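The structure appears below as structure tokens.
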Amino acid sequence: MPALASLAQVQTTTATDQVFQALYSAIITLELAPGSKVSEAEIARNLGVSRQPVRDAFYRLSELGFMLIRPQRATTITYISEQALLDARFIRTALEVECMRTAISKITDDDILRLEGLINQQEAAIKADDRLGFHALDDEFHEVICEIAGHPNAWNLIHEQKVHLDRVRYLSLAFGAKSALDDHRAIMQCIRDRDPDGAEQQLRIHLARILNILEQVSASHPELMESQQK
């Protein structure tokens, strides 16, 4: 289990944070697939930590809707919920549109260079077939826009919601990373032009792609979807 094999590369502050991030990565990459059973004892042993941070991480993941914890029964990874995904996209769009428009009113040349650097790194990740790296850089691009707007906490709220999108987003990177990069370039051009209306339009197109991706994933991987379970 590569994502769960070691915490050596996870740079977070507490054991619980480390366990949470390792499990989160394993879940969105489907290393821990929907329906999989997970054991506190096994995870603790694999990661070389005590059971308490694992228990705490399990609770955090259950609050996000990634794990189903039932007394006296196995803890399992939840299936992908179409309704949770649609709700998350709606909330993300509402918050990011406002952050984008505000960011454009405040953006500096240094901010633009920072965003362009992230797009260059995304292109490099695609060339290296580094899907997890691209996924992280995609998130960072959007997070930086929230920071430029002066609302970094908006990204925290988005992050809490977008976990429902992340498994589907990760699956889509096998065929859709180039489209995501092209969207970012279109958004970036509007940012350079200080064009908030154009940037909003491009952002809405970008975030709406998840609807088509959801349809494709539902058709190609019905075993992952909550709606397909009896």
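Scheme for the structure tokens: letters A, B, ... for chains in order shown; per-chain residue numbers from 1; ligand numbers from 1 in order shown.
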Q: May I have the residues within 12 Å of Ile205 in chain A as an MDAnalysis selection string, using only C-alpha atoms and disregarding those fewer than 2 positions away in the same chain?
A: chainID A and resid 89 93 97 179:180 182:184 186:187 198:203 207:212
Q: Could you check which of A:Gln72, A:Gln216, A:Gln121, A:Gln52 is closest to Glu140 in chain A, using only C-alpha atoms?
A: A:Gln121
Q | DSSP helix (DSSP H, G or I) residues within range 18-192 of chain A, as a PyMOL selection string | A | chain A and resi 18-28+40-47+51-63+82-106+109-127+131-149+152-192
Q.
Can you measure CA of Leu214 in chain A to CA of Ala88 in chain A for me? One decimal in Å is fine.
A. 12.7 Å
Q | Residues of range 6-213 of chain A in strand (DSSP E or B), written as a list in words | A | Lys37, Val38, Met67, Leu68, Thr75, Thr76, Ile77 and Ile80 of chain A
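Atom pair CA of Ala154 in chain A / CA of Asp111 in chain A: separated by 18.1 Å.
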Q: Grab the CA of Asp138 in chain A to CA of Leu181 in chain A distance for me, in Å with one decimal place.
A: 8.3 Å
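Distance annotation: of A:Gln18, A:Ile27, A:Ile69, A:Glu98, the residue with the minimal separation from Leu47 in chain A is A:Gln18; atom set is only C-alpha atoms.
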Would you pick out the contacts of Phe20 in chain A at 6 Å or less, using only C-alpha atoms, so that residues sharing its chain but fewer than 4 positions from it are not included, and give the list as a CSV table (one decimal) with N, CA and C atoms, in the first residue's frame?
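result-v1.csv was written with the following content:
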chain,number,residue,atom,x,y,z
A,16,THR,N,-1.9,12.7,14.2
A,16,THR,CA,-3.2,12.6,13.6
A,16,THR,C,-3.3,13.2,12.2
A,24,TYR,N,-6.2,10.1,3.5
A,24,TYR,CA,-6.9,10.9,2.5
A,24,TYR,C,-6.3,10.6,1.1
A,57,ALA,N,-8.1,10.2,13.2
A,57,ALA,CA,-8.1,10.5,11.8
A,57,ALA,C,-9.3,9.8,11.2
